[in-house]
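Printed here is my_file_10.cif (mmCIF, C-alpha atoms and all ligand atoms):
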data_run
loop_
_atom_site.label_atom_id
_atom_site.label_comp_id
_atom_site.auth_asym_id
_atom_site.auth_seq_id
_atom_site.Cartn_x
_atom_site.Cartn_y
_atom_site.Cartn_z
CA MET A 1 -11.45 9.37 21.91
CA LEU A 2 -9.22 11.88 23.73
CA LYS A 3 -6.37 10.96 21.38
CA LYS A 4 -8.58 11.65 18.35
CA LEU A 5 -9.56 15.02 19.85
CA PHE A 6 -5.92 16.03 20.38
CA GLN A 7 -5.10 14.80 16.90
CA SER A 8 -7.84 16.98 15.39
CA LEU A 9 -6.73 19.97 17.51
CA PHE A 10 -3.15 19.46 16.38
CA VAL A 11 -4.15 19.28 12.73
CA GLY A 12 -6.34 22.36 13.18
CA MET A 13 -3.45 24.32 14.72
CA LEU A 14 -1.14 23.31 11.90
CA VAL A 15 -3.63 24.45 9.28
CA LEU A 16 -4.17 27.71 11.14
CA SER A 17 -0.44 28.35 11.38
CA VAL A 18 -0.11 27.72 7.63
CA PHE A 19 -2.87 30.26 6.99
CA LEU A 20 -1.48 32.85 9.39
CA THR A 21 2.17 32.71 8.36
CA GLY A 22 1.31 32.34 4.69
CA CYS A 23 4.20 29.88 4.65
CA SER A 24 6.80 32.61 4.14
CA ALA A 25 9.35 30.56 2.23
CA ILE A 26 6.95 29.16 -0.33
CA ASN A 27 4.85 30.24 -3.24
CA THR A 28 1.34 30.84 -1.91
CA GLY A 29 -0.38 31.07 -5.29
CA THR A 30 -2.65 28.45 -6.84
CA SER A 31 -1.30 25.46 -8.78
CA ASN A 32 -2.00 27.28 -12.05
CA GLN A 33 -0.25 30.45 -10.93
CA LYS A 34 2.78 28.45 -9.95
CA ALA A 35 2.84 26.59 -13.25
CA THR A 36 2.92 29.84 -15.22
CA THR A 37 5.59 31.46 -13.04
CA LYS A 38 7.88 28.39 -13.00
CA ASP A 39 11.55 29.31 -13.30
CA LYS A 40 12.82 27.18 -16.19
CA ASN A 41 16.40 27.10 -14.80
CA LYS A 42 15.42 25.93 -11.33
CA LYS A 43 16.03 22.24 -10.68
CA ILE A 44 12.78 20.35 -10.19
CA VAL A 45 12.22 19.02 -6.66
CA VAL A 46 9.66 16.33 -5.82
CA GLY A 47 8.63 15.45 -2.25
CA PHE A 48 7.89 11.83 -1.36
CA SER A 49 6.18 11.44 2.01
CA ILE A 50 5.74 7.89 3.22
CA GLY A 51 3.81 6.52 6.21
CA THR A 52 6.06 3.62 7.11
CA THR A 53 9.12 1.72 5.95
CA LYS A 54 8.41 -1.27 8.19
CA GLN A 55 7.25 -3.67 5.50
CA GLU A 56 9.84 -4.76 2.97
CA ARG A 57 7.96 -3.20 0.03
CA TRP A 58 8.14 0.45 1.15
CA GLN A 59 11.92 0.61 1.51
CA LYS A 60 12.29 -0.97 -1.92
CA GLU A 61 9.92 1.64 -3.37
CA VAL A 62 11.86 4.51 -1.80
CA ASP A 63 15.02 3.15 -3.45
CA MET A 64 13.20 2.84 -6.80
CA ALA A 65 11.97 6.45 -6.53
CA LYS A 66 15.49 7.70 -5.74
CA LYS A 67 16.85 5.87 -8.77
CA TYR A 68 14.11 7.28 -11.02
CA ALA A 69 14.90 10.83 -9.86
CA ALA A 70 18.64 10.35 -10.33
CA ASP A 71 18.12 8.86 -13.83
CA HIS A 72 15.87 11.76 -14.84
CA GLY A 73 17.96 14.52 -13.28
CA PHE A 74 15.61 15.92 -10.66
CA SER A 75 15.83 16.11 -6.85
CA LEU A 76 13.76 13.96 -4.54
CA LEU A 77 13.12 14.73 -0.88
CA VAL A 78 11.99 11.60 0.99
CA GLN A 79 10.59 11.52 4.50
CA SER A 80 8.97 8.68 6.42
CA CYS A 81 6.84 9.51 9.47
CA GLU A 82 7.14 5.94 10.78
CA GLU A 83 3.43 5.57 11.52
CA ASP A 84 2.89 8.95 13.21
CA PRO A 85 0.20 10.80 11.18
CA ASN A 86 0.85 14.14 12.91
CA LYS A 87 4.53 13.87 12.09
CA GLN A 88 3.62 13.22 8.45
CA ILE A 89 1.75 16.53 8.30
CA GLN A 90 4.73 18.36 9.84
CA GLN A 91 7.10 16.67 7.41
CA VAL A 92 4.99 17.75 4.44
CA GLN A 93 4.92 21.30 5.78
CA ASN A 94 8.70 21.16 6.00
CA MET A 95 9.01 19.87 2.42
CA LEU A 96 6.73 22.66 1.21
CA SER A 97 8.91 25.23 2.94
CA GLN A 98 11.87 23.76 1.03
CA GLY A 99 10.06 24.58 -2.21
CA ILE A 100 8.99 21.19 -3.64
CA ASP A 101 7.24 21.36 -7.03
CA ALA A 102 4.98 18.32 -6.52
CA LEU A 103 4.12 15.95 -3.69
CA LEU A 104 3.75 12.17 -3.75
CA ILE A 105 2.25 10.88 -0.51
CA SER A 106 1.50 7.47 0.93
CA ALA A 107 -0.79 8.44 3.80
CA GLN A 108 -0.34 6.93 7.24
CA ASP A 109 -3.87 7.90 8.20
CA GLY A 110 -6.19 8.27 5.24
CA ASP A 111 -8.58 10.59 7.08
CA SER A 112 -6.23 12.96 8.87
CA SER A 113 -3.97 13.42 5.84
CA GLY A 114 -6.64 15.33 3.86
CA VAL A 115 -5.25 18.54 5.37
CA VAL A 116 -1.94 18.12 3.50
CA VAL A 117 -3.70 18.60 0.17
CA LYS A 118 -4.96 22.01 1.30
CA MET A 119 -1.52 22.99 2.58
CA ALA A 120 0.13 21.89 -0.67
CA HIS A 121 -2.42 23.56 -2.92
CA ASP A 122 -2.08 26.81 -1.00
CA ALA A 123 1.59 26.59 -1.90
CA GLY A 124 0.77 25.86 -5.56
CA VAL A 125 1.92 22.26 -5.27
CA PRO A 126 -0.04 19.38 -6.88
CA VAL A 127 -0.55 16.20 -4.85
CA VAL A 128 -0.60 12.54 -5.93
CA ALA A 129 -1.61 9.86 -3.43
CA TYR A 130 0.67 6.84 -3.63
CA ASP A 131 -0.93 3.44 -2.99
CA ARG A 132 -2.89 4.69 0.04
CA LEU A 133 -5.78 7.08 -0.54
CA VAL A 134 -5.82 10.58 0.96
CA ARG A 135 -9.44 11.06 1.96
CA ASN A 136 -11.38 14.32 2.23
CA GLY A 137 -9.21 16.63 0.18
CA ASP A 138 -9.10 18.06 -3.34
CA LEU A 139 -6.53 15.42 -4.33
CA ASP A 140 -5.11 15.72 -7.87
CA TYR A 141 -4.40 12.05 -8.69
CA TYR A 142 -4.25 8.66 -7.02
CA ILE A 143 -2.13 5.72 -8.09
CA THR A 144 -2.65 2.32 -6.53
CA PHE A 145 -3.34 -1.37 -7.00
CA ASP A 146 -6.87 -2.69 -7.21
CA ASN A 147 -7.21 -3.34 -3.48
CA GLU A 148 -10.68 -4.92 -3.59
CA LYS A 149 -9.25 -7.35 -6.10
CA VAL A 150 -6.38 -8.08 -3.66
CA GLY A 151 -8.96 -9.10 -1.04
CA GLU A 152 -10.86 -11.21 -3.55
CA LEU A 153 -7.71 -13.04 -4.63
CA GLN A 154 -6.73 -13.70 -1.01
CA ALA A 155 -10.09 -15.27 -0.22
CA LYS A 156 -10.27 -17.19 -3.53
CA ALA A 157 -6.87 -18.81 -2.95
CA LEU A 158 -8.11 -20.11 0.41
CA VAL A 159 -11.65 -21.22 -0.53
CA GLU A 160 -10.28 -23.20 -3.48
CA LYS A 161 -8.29 -25.36 -1.05
CA TYR A 162 -10.46 -25.02 2.06
CA PRO A 163 -14.11 -24.71 0.93
CA LYS A 164 -15.52 -25.77 4.31
CA GLY A 165 -14.65 -25.09 7.95
CA ASN A 166 -13.71 -22.40 10.43
CA TYR A 167 -11.74 -19.33 9.29
CA ILE A 168 -9.88 -16.72 11.33
CA SER A 169 -10.00 -13.27 9.72
CA ILE A 170 -6.95 -11.04 10.29
CA LEU A 171 -7.61 -7.56 8.96
CA GLY A 172 -4.98 -4.86 8.32
CA GLY A 173 -4.61 -1.43 9.96
CA PRO A 174 -8.03 0.21 10.47
CA GLU A 175 -6.42 3.63 9.82
CA ASP A 176 -5.53 2.58 6.25
CA ASN A 177 -8.26 2.83 3.61
CA ASN A 178 -6.69 -0.12 1.76
CA ALA A 179 -7.40 -2.43 4.69
CA HIS A 180 -11.13 -1.66 4.34
CA LEU A 181 -11.16 -2.22 0.57
CA ILE A 182 -9.36 -5.52 1.05
CA LYS A 183 -11.95 -6.54 3.66
CA ASN A 184 -14.75 -5.76 1.15
CA GLY A 185 -13.07 -7.91 -1.49
CA GLN A 186 -12.57 -10.80 0.93
CA GLU A 187 -16.18 -10.67 2.09
CA LYS A 188 -17.52 -10.61 -1.47
CA VAL A 189 -15.89 -14.00 -2.11
CA LEU A 190 -16.69 -15.54 1.30
CA LYS A 191 -20.35 -14.47 1.50
CA PRO A 192 -21.90 -17.34 -0.53
CA TYR A 193 -19.87 -19.90 1.46
CA ILE A 194 -20.91 -18.31 4.76
CA ASP A 195 -24.57 -18.08 3.66
CA LYS A 196 -24.54 -21.80 2.79
CA GLY A 197 -23.09 -22.54 6.22
CA ASP A 198 -19.93 -24.08 4.75
CA ILE A 199 -17.54 -21.49 6.15
CA LYS A 200 -17.71 -19.81 9.54
CA ILE A 201 -15.59 -16.81 10.58
CA VAL A 202 -14.73 -17.59 14.18
CA THR A 203 -13.00 -14.28 14.90
CA GLN A 204 -12.34 -11.11 12.90
CA GLN A 205 -9.93 -8.49 14.27
CA TRP A 206 -8.03 -5.45 12.93
CA SER A 207 -4.25 -5.29 13.30
CA LYS A 208 -3.37 -1.65 13.98
CA GLY A 209 -0.43 -0.50 11.86
CA TRP A 210 -0.57 -3.92 10.14
CA ASP A 211 1.49 -5.11 13.11
CA PRO A 212 2.57 -8.80 12.88
CA THR A 213 2.63 -9.15 16.69
CA GLU A 214 -0.97 -7.99 16.89
CA ALA A 215 -1.82 -10.44 14.09
CA MET A 216 -0.17 -13.21 16.08
CA LYS A 217 -2.28 -12.37 19.16
CA ASN A 218 -5.42 -12.15 17.01
CA THR A 219 -4.69 -15.60 15.59
CA GLU A 220 -4.14 -17.00 19.09
CA ASN A 221 -7.56 -15.57 20.06
CA GLY A 222 -9.17 -17.26 17.06
CA LEU A 223 -7.53 -20.59 17.79
CA THR A 224 -8.66 -20.43 21.43
CA ALA A 225 -12.22 -19.49 20.44
CA ALA A 226 -12.42 -22.46 18.04
CA ASN A 227 -10.51 -24.97 20.15
CA ASN A 228 -7.89 -25.11 17.36
CA ASN A 229 -10.59 -26.35 14.98
CA VAL A 230 -9.62 -23.96 12.17
CA VAL A 231 -8.93 -24.65 8.47
CA ALA A 232 -7.63 -21.26 7.34
CA VAL A 233 -6.36 -17.84 8.43
CA LEU A 234 -7.36 -15.08 6.03
CA ALA A 235 -4.40 -12.75 6.65
CA SER A 236 -4.48 -9.38 4.88
CA ASN A 237 -0.76 -9.05 4.08
CA ASP A 238 2.48 -11.00 4.34
CA GLY A 239 3.53 -9.30 7.57
CA THR A 240 0.32 -10.31 9.34
CA ALA A 241 0.58 -13.78 7.72
CA GLY A 242 4.01 -14.11 9.37
CA GLY A 243 2.46 -13.32 12.78
CA ALA A 244 -0.39 -15.77 12.15
CA ILE A 245 2.00 -18.55 11.16
CA GLN A 246 3.98 -18.06 14.38
CA ALA A 247 0.76 -18.62 16.34
CA LEU A 248 -0.03 -21.71 14.23
CA GLN A 249 3.49 -23.05 14.72
CA ALA A 250 3.08 -22.83 18.50
CA GLN A 251 0.06 -25.17 18.18
CA GLY A 252 1.70 -27.52 15.67
CA LEU A 253 -0.73 -26.35 12.97
CA ALA A 254 1.62 -24.60 10.53
CA GLY A 255 1.41 -26.28 7.13
CA THR A 256 -2.02 -27.83 7.71
CA VAL A 257 -3.96 -24.58 8.13
CA GLY A 258 -4.19 -22.36 5.00
CA VAL A 259 -2.83 -18.80 5.19
CA SER A 260 -3.15 -15.94 2.68
CA GLY A 261 -1.11 -12.74 2.31
CA GLN A 262 -0.07 -9.97 -0.10
CA ASP A 263 3.10 -8.14 -1.19
CA ALA A 264 5.23 -11.13 -2.25
CA ASP A 265 7.73 -10.38 0.56
CA ILE A 266 10.76 -12.63 0.40
CA ALA A 267 9.92 -14.26 3.77
CA ALA A 268 6.39 -15.05 2.52
CA LEU A 269 7.67 -16.64 -0.68
CA GLN A 270 10.05 -18.79 1.35
CA ARG A 271 7.10 -19.86 3.53
CA ILE A 272 5.06 -20.68 0.40
CA VAL A 273 7.91 -22.85 -0.87
CA ALA A 274 8.13 -24.49 2.58
CA GLY A 275 4.34 -25.06 2.63
CA THR A 276 3.42 -22.96 5.69
CA GLN A 277 1.75 -20.16 3.68
CA THR A 278 -0.76 -20.91 0.91
CA SER A 279 -0.60 -17.77 -1.21
CA THR A 280 0.42 -14.14 -1.53
CA VAL A 281 -0.65 -11.44 -3.96
CA TYR A 282 2.07 -10.14 -6.24
CA LYS A 283 1.77 -6.39 -6.77
CA PRO A 284 4.38 -5.20 -9.29
CA THR A 285 5.60 -2.23 -7.26
CA GLN A 286 8.25 -1.47 -9.88
CA ILE A 287 5.44 -0.58 -12.32
CA LEU A 288 3.44 1.33 -9.69
CA ASN A 289 6.53 3.29 -8.71
CA SER A 290 7.77 4.19 -12.19
CA THR A 291 4.26 5.26 -13.29
CA ALA A 292 3.85 7.38 -10.13
CA MET A 293 7.25 8.99 -10.60
CA GLU A 294 6.54 9.75 -14.26
CA LEU A 295 3.22 11.36 -13.29
CA VAL A 296 4.56 13.41 -10.41
CA TYR A 297 7.59 14.55 -12.46
CA ASN A 298 5.31 15.72 -15.29
CA LEU A 299 3.16 17.59 -12.77
CA ALA A 300 6.23 19.14 -11.16
CA LYS A 301 7.41 20.39 -14.56
CA GLY A 302 3.92 21.73 -15.30
CA ASP A 303 3.87 19.45 -18.39
CA LYS A 304 0.08 19.20 -18.75
CA LYS A 305 0.24 17.52 -22.14
CA SER A 306 2.24 14.55 -20.85
CA VAL A 307 -0.10 14.23 -17.86
CA GLU A 308 -3.11 14.20 -20.20
CA ASN A 309 -1.42 11.57 -22.37
CA MET A 310 -0.87 9.39 -19.33
CA VAL A 311 -4.49 9.74 -18.21
CA SER A 312 -6.02 9.06 -21.63
CA GLY A 313 -3.47 6.56 -22.97
CA ASN A 314 -3.13 2.90 -22.24
CA ILE A 315 -1.02 2.32 -19.18
CA GLN A 316 1.08 -0.79 -18.81
CA HIS A 317 -0.55 -3.47 -16.59
CA GLY A 318 -3.51 -1.46 -15.37
CA HIS A 319 -6.26 1.00 -16.18
CA VAL A 320 -7.36 4.54 -15.33
CA GLY A 321 -10.62 5.04 -13.43
CA LYS A 322 -12.22 7.16 -10.69
CA VAL A 323 -12.16 6.66 -6.92
CA ASP A 324 -14.36 8.66 -4.54
CA ASN A 325 -12.22 10.08 -1.71
CA GLY A 326 -15.10 11.73 0.15
CA THR A 327 -14.55 15.08 -1.59
CA LYS A 328 -14.50 14.15 -5.25
CA ASP A 329 -14.03 11.37 -7.80
CA VAL A 330 -10.26 11.31 -8.06
CA THR A 331 -8.66 10.26 -11.36
CA THR A 332 -6.96 7.02 -10.38
CA PHE A 333 -4.37 4.72 -11.94
CA LEU A 334 -5.22 1.16 -10.86
CA MET A 335 -2.52 -1.47 -11.39
CA ASP A 336 -3.18 -5.17 -11.90
CA VAL A 337 -2.43 -7.81 -9.25
CA THR A 338 -1.79 -11.58 -9.43
CA THR A 339 -2.18 -14.49 -6.99
CA VAL A 340 1.04 -16.34 -6.31
CA THR A 341 1.14 -19.91 -5.00
CA LYS A 342 3.81 -22.62 -5.11
CA ASP A 343 2.70 -23.37 -8.69
CA ASN A 344 3.38 -20.04 -10.38
CA ILE A 345 6.32 -18.48 -8.49
CA MET A 346 8.56 -19.14 -11.49
CA SER A 347 6.26 -17.56 -14.09
CA THR A 348 5.60 -14.42 -12.02
CA ILE A 349 8.12 -13.46 -9.32
CA ILE A 350 11.21 -15.06 -10.85
CA LYS A 351 10.29 -14.20 -14.46
CA ASP A 352 9.83 -10.51 -13.57
CA GLY A 353 13.02 -10.45 -11.47
CA PHE A 354 10.96 -9.33 -8.43
CA HIS A 355 13.11 -11.68 -6.29
CA LYS A 356 16.03 -13.91 -7.10
CA MET A 357 15.62 -17.68 -7.46
CA ASP A 358 18.44 -18.31 -4.95
CA GLU A 359 16.67 -16.24 -2.30
CA VAL A 360 13.19 -17.68 -2.80
CA TYR A 361 14.42 -21.29 -2.85
CA LYS A 362 17.29 -20.80 -0.42
CA ASP A 363 16.14 -23.70 1.80
CA VAL A 364 15.53 -26.08 -1.11
CA PRO A 365 18.47 -28.16 -2.40
CA LYS A 366 19.48 -27.05 -5.93
CA ASP A 367 18.52 -30.39 -7.57
CA GLN A 368 14.99 -30.13 -6.13
CA ARG A 369 14.24 -26.60 -7.37
CA PRO A 370 12.00 -25.97 -10.39
CA LYS A 371 13.74 -25.60 -13.73
CA GLN A 372 14.47 -22.02 -14.87
C1 LIG B 1 -0.51 -1.80 1.41
C2 LIG B 1 0.08 -3.17 1.63
C3 LIG B 1 1.00 -3.17 2.85
C4 LIG B 1 0.30 -2.52 4.05
C5 LIG B 1 1.23 -2.39 5.23
C6 LIG B 1 -1.14 -1.26 2.68
O1 LIG B 1 -1.61 0.02 2.47
O2 LIG B 1 -1.47 -1.85 0.38
O3 LIG B 1 0.80 -3.56 0.48
O4 LIG B 1 1.35 -4.47 3.19
O5 LIG B 1 -0.16 -1.24 3.70
O6 LIG B 1 2.28 -1.54 4.97
#
Represent the structure contained in this file as structure tokens.
Amino acid sequence: MLKKLFQSLFVGMLVLSVFLTGCSAINTGTSNQKATTKDKNKKIVVGFSIGTTKQERWQKEVDMAKKYAADHGFSLLVQSCEEDPNKQIQQVQNMLSQGIDALLISAQDGDSSGVVVKMAHDAGVPVVAYDRLVRNGDLDYYITFDNEKVGELQAKALVEKYPKGNYISILGGPEDNNAHLIKNGQEKVLKPYIDKGDIKIVTQQWSKGWDPTEAMKNTENGLTAANNNVVAVLASNDGTAGGAIQALQAQGLAGTVGVSGQDADIAALQRIVAGTQTSTVYKPTQILNSTAMELVYNLAKGDKKSVENMVSGNIQHGHVGKVDNGTKDVTTFLMDVTTVTKDNIMSTIIKDGFHKMDEVYKDVPKDQRPKQ
């Protein structure tokens, strides 16, 4: 409670200081004003603010974004706040003072990051939310995967194999809007089974910061509450699945109890091959990233026509819709997702080059691996 109060005070002070100083080094006009006064000879600079690089996916996406910028001849400033939402606001303020032309942000805390949109707009800088929604702000665009669908696929993969019995529910970080959407998707699929009395959720706990250690403890709690009589752990991503599997291993239950995940992390795919994890959800981050970079680069250049084409045209592997962020219905690019189990690793992950065959099957002798 006290922490929240200090957090709000801190955010308030930051906003006030932005108003009072007028952000001396930056353009304080509106987005439109900036677009019309853009110096054609100035090199475009895009800011990429990221909440964490802990999970494998984020670091890969930073590298993809750097490559996109280098290939297209513009500058990219990248900063990760490593799970400190106040630091993220400061970092954005710093990027704005360095004169970025557009901001791509993956919010650490969906609610407290709304303030960055105001700061950016006051500096004439458009804002695109990357994978995690920025709530309560006049956000320009949002690009993400269909997170409710992720939750549905996680639950479906488990109920197909384990239609009856006790489940442990391991939710993601409560500060991340995605974790809530995933929960909704999971519950949509589980509800009829729970109503019939076939499935019972023995424990359901959030894992702050999507922390695997917290997920391990939460799984231990579930196992204790059910006397180890559990058929599946509905884990919300591959990191938390890793924590859950550690807890199962300690009880000799790894491989018999079903476990879900998402992200197609290399460690998760190796566990799927080994039989200790049931499924993951493959989210083609290479497509998410290149679409986001194309969008943010067009915005940075003030190229409205290309932005309109992207919004109205057909995008590869996804669709454009609206997502309510508490302030408005934000135009959103929603990318498709796919369940991955032992049976389709080859036709998804390997086919797309998301991971290499030798890494995924590193513990399987060559003559026992599927044919390429
Ligand atoms: C993302 C997941 C990721 C999690 C933890 C979520 O917002 O959608 O892909 O595993 O954050 O970083």
Each chain A residue no farther than 8 Å from ligand LIG 1 (chain B), nearest pair in Å, all atoms listed in the file, as CSV:
residue,atom,partner,partner_atom,distance
A:Thr52,CA,B:LIG1,O6,6.7
A:Thr53,CA,B:LIG1,O6,7.6
A:Lys54,CA,B:LIG1,O6,6.9
A:Gln55,CA,B:LIG1,O6,5.4
A:Arg57,CA,B:LIG1,O3,7.2
A:Trp58,CA,B:LIG1,O6,7.3
A:Asp131,CA,B:LIG1,O2,6.3
A:Arg132,CA,B:LIG1,O1,5.4
A:Phe145,CA,B:LIG1,O2,7.6
A:Asn147,CA,B:LIG1,O2,7.1
A:Gly172,CA,B:LIG1,C4,7.2
A:Gly173,CA,B:LIG1,C5,7.6
A:Asp176,CA,B:LIG1,O1,6.0
A:Asn177,CA,B:LIG1,O1,7.3
A:Asn178,CA,B:LIG1,O1,5.1
A:Ala179,CA,B:LIG1,O1,6.7
A:Gly209,CA,B:LIG1,C5,7.1
A:Trp210,CA,B:LIG1,C5,5.4
A:Ser236,CA,B:LIG1,O4,7.8
A:Asn237,CA,B:LIG1,O4,5.1
A:Asp238,CA,B:LIG1,O4,6.7
A:Gly239,CA,B:LIG1,O4,6.9
A:Gln262,CA,B:LIG1,O3,6.5
A:Asp263,CA,B:LIG1,O3,5.4
A:Lys283,CA,B:LIG1,O3,7.8
Written file, previous selection with C-alpha atoms, as an mmCIF file, in the frame of the given file:
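selection24.cif, written as the output of this step:
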data_model
loop_
_atom_site.group_PDB
_atom_site.id
_atom_site.type_symbol
_atom_site.label_atom_id
_atom_site.label_comp_id
_atom_site.auth_asym_id
_atom_site.auth_seq_id
_atom_site.Cartn_x
_atom_site.Cartn_y
_atom_site.Cartn_z
ATOM 1 C CA THR A 52 6.060 3.620 7.110
ATOM 2 C CA THR A 53 9.120 1.720 5.950
ATOM 3 C CA LYS A 54 8.410 -1.270 8.190
ATOM 4 C CA GLN A 55 7.250 -3.670 5.500
ATOM 5 C CA ARG A 57 7.960 -3.200 0.030
ATOM 6 C CA TRP A 58 8.140 0.450 1.150
ATOM 7 C CA ASP A 131 -0.930 3.440 -2.990
ATOM 8 C CA ARG A 132 -2.890 4.690 0.040
ATOM 9 C CA PHE A 145 -3.340 -1.370 -7.000
ATOM 10 C CA ASN A 147 -7.210 -3.340 -3.480
ATOM 11 C CA GLY A 172 -4.980 -4.860 8.320
ATOM 12 C CA GLY A 173 -4.610 -1.430 9.960
ATOM 13 C CA ASP A 176 -5.530 2.580 6.250
ATOM 14 C CA ASN A 177 -8.260 2.830 3.610
ATOM 15 C CA ASN A 178 -6.690 -0.120 1.760
ATOM 16 C CA ALA A 179 -7.400 -2.430 4.690
ATOM 17 C CA GLY A 209 -0.430 -0.500 11.860
ATOM 18 C CA TRP A 210 -0.570 -3.920 10.140
ATOM 19 C CA SER A 236 -4.480 -9.380 4.880
ATOM 20 C CA ASN A 237 -0.760 -9.050 4.080
ATOM 21 C CA ASP A 238 2.480 -11.000 4.340
ATOM 22 C CA GLY A 239 3.530 -9.300 7.570
ATOM 23 C CA GLN A 262 -0.070 -9.970 -0.100
ATOM 24 C CA ASP A 263 3.100 -8.140 -1.190
ATOM 25 C CA LYS A 283 1.770 -6.390 -6.770
#
Ranking A:Lys183, A:Tyr130, A:Gln88, A:Gln246 by minimum distance to A:Ser290 and counting only C-alpha atoms, which one comes first?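 Looking only at the distances to A:Ser290, the closest residue turns out to be A:Tyr130.
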Axis-aligned box for stretch 63-73 of chain A, 8 Å per side, centre and edges in Å as lines of an AutoDock Vina configuration file:
center_x = 15.3
center_y = 8.7
center_z = -9.1
size_x = 22.7
size_y = 27.7
size_z = 27.4
Nearest to A:Gln59 by atom-to-atom distance, counting all atoms listed in the file, from A:Thr285, A:Asn309, A:Thr276, A:Thr332: A:Thr285
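In this model, the gap between atom CA of A:Phe354 and atom CA of A:Lys366 comes to 19.8 Å.
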One decimal, Å: what's the distance from atom CA of A:Ile349 over to atom CA of A:Val233, could you say? 23.3 Å
Of the listed residues A:Asn344, A:Gln270, A:Ser260, A:Asn166, that which approaches A:Val231 most closely, counting all atoms listed in the file: A:Asn166
Mind checking which residues fall within 12 Å of A:Lys67, counting only C-alpha atoms, ignoring those fewer than 4 positions away in the same chain, and posting them as a short mmCIF file (atom, residue, chain, number, x, y, z; two decimals) with C-alpha atoms, in the frame of the given file?
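Now in result_19.cif:
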data_model
loop_
_atom_site.label_atom_id
_atom_site.label_comp_id
_atom_site.auth_asym_id
_atom_site.auth_seq_id
_atom_site.Cartn_x
_atom_site.Cartn_y
_atom_site.Cartn_z
CA LYS A 60 12.29 -0.97 -1.92
CA GLU A 61 9.92 1.64 -3.37
CA VAL A 62 11.86 4.51 -1.80
CA ASP A 63 15.02 3.15 -3.45
CA ASP A 71 18.12 8.86 -13.83
CA HIS A 72 15.87 11.76 -14.84
CA GLY A 73 17.96 14.52 -13.28
CA PHE A 74 15.61 15.92 -10.66
CA SER A 75 15.83 16.11 -6.85
CA LEU A 76 13.76 13.96 -4.54
CA GLN A 286 8.25 -1.47 -9.88
CA ASN A 289 6.53 3.29 -8.71
CA SER A 290 7.77 4.19 -12.19
CA MET A 293 7.25 8.99 -10.60
#
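When atom CA of A:Met346 is paired with atom CA of A:Glu152, their separation reads 22.4 Å.
Residues lying within 9 Å of A:Lys156, counting all atoms listed in the file and ignoring same-chain neighbours fewer than 5 positions away, are Gly151, Lys161, Gln186, Val189 and Leu190 of chain A.
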So that I can check the surroundings of A:Val337, please list as a list in words every protein, DNA and RNA residue that reaches within 8 Å of it, counting all atoms listed in the file and ignoring chain neighbours fewer than 2 positions away. Phe145, Asp146, Lys149, Val150, Val281, Tyr282, Lys283, Pro284, Met335 and Thr339 of chain A
Neighbouring residues of A:Asn94 were defined as those with any atom within 10 Å, considering all atoms listed in the file; residues of the same chain fewer than 5 positions away were excluded. Please report them as a CSV table (one decimal) with C-alpha atoms, in the frame of the given file.
chain,number,residue,atom,x,y,z
A,23,CYS,CA,4.2,29.9,4.6
A,79,GLN,CA,10.6,11.5,4.5
A,88,GLN,CA,3.6,13.2,8.4
A,89,ILE,CA,1.8,16.5,8.3
A,99,GLY,CA,10.1,24.6,-2.2
A,100,ILE,CA,9.0,21.2,-3.6
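Closest approach to A:Val159 from the set A:Leu234, A:Ile182, A:Ala241, A:Ile287 is made by A:Leu234, with distances taken over all atoms listed in the file.
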Point out the residue among A:Asn229, A:Gly255, A:Leu269, A:Glu82 with the least atom-to-atom distance to A:His355, counting only C-alpha atoms.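 Counting only C-alpha atoms, the residue closest to A:His355 is A:Leu269.
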Check the smallest atom-to-atom distance from each of A:Ile143, A:Ile266, A:Ile199, A:Val364 to A:Phe333 using only C-alpha atoms, then report the winner. A:Ile143
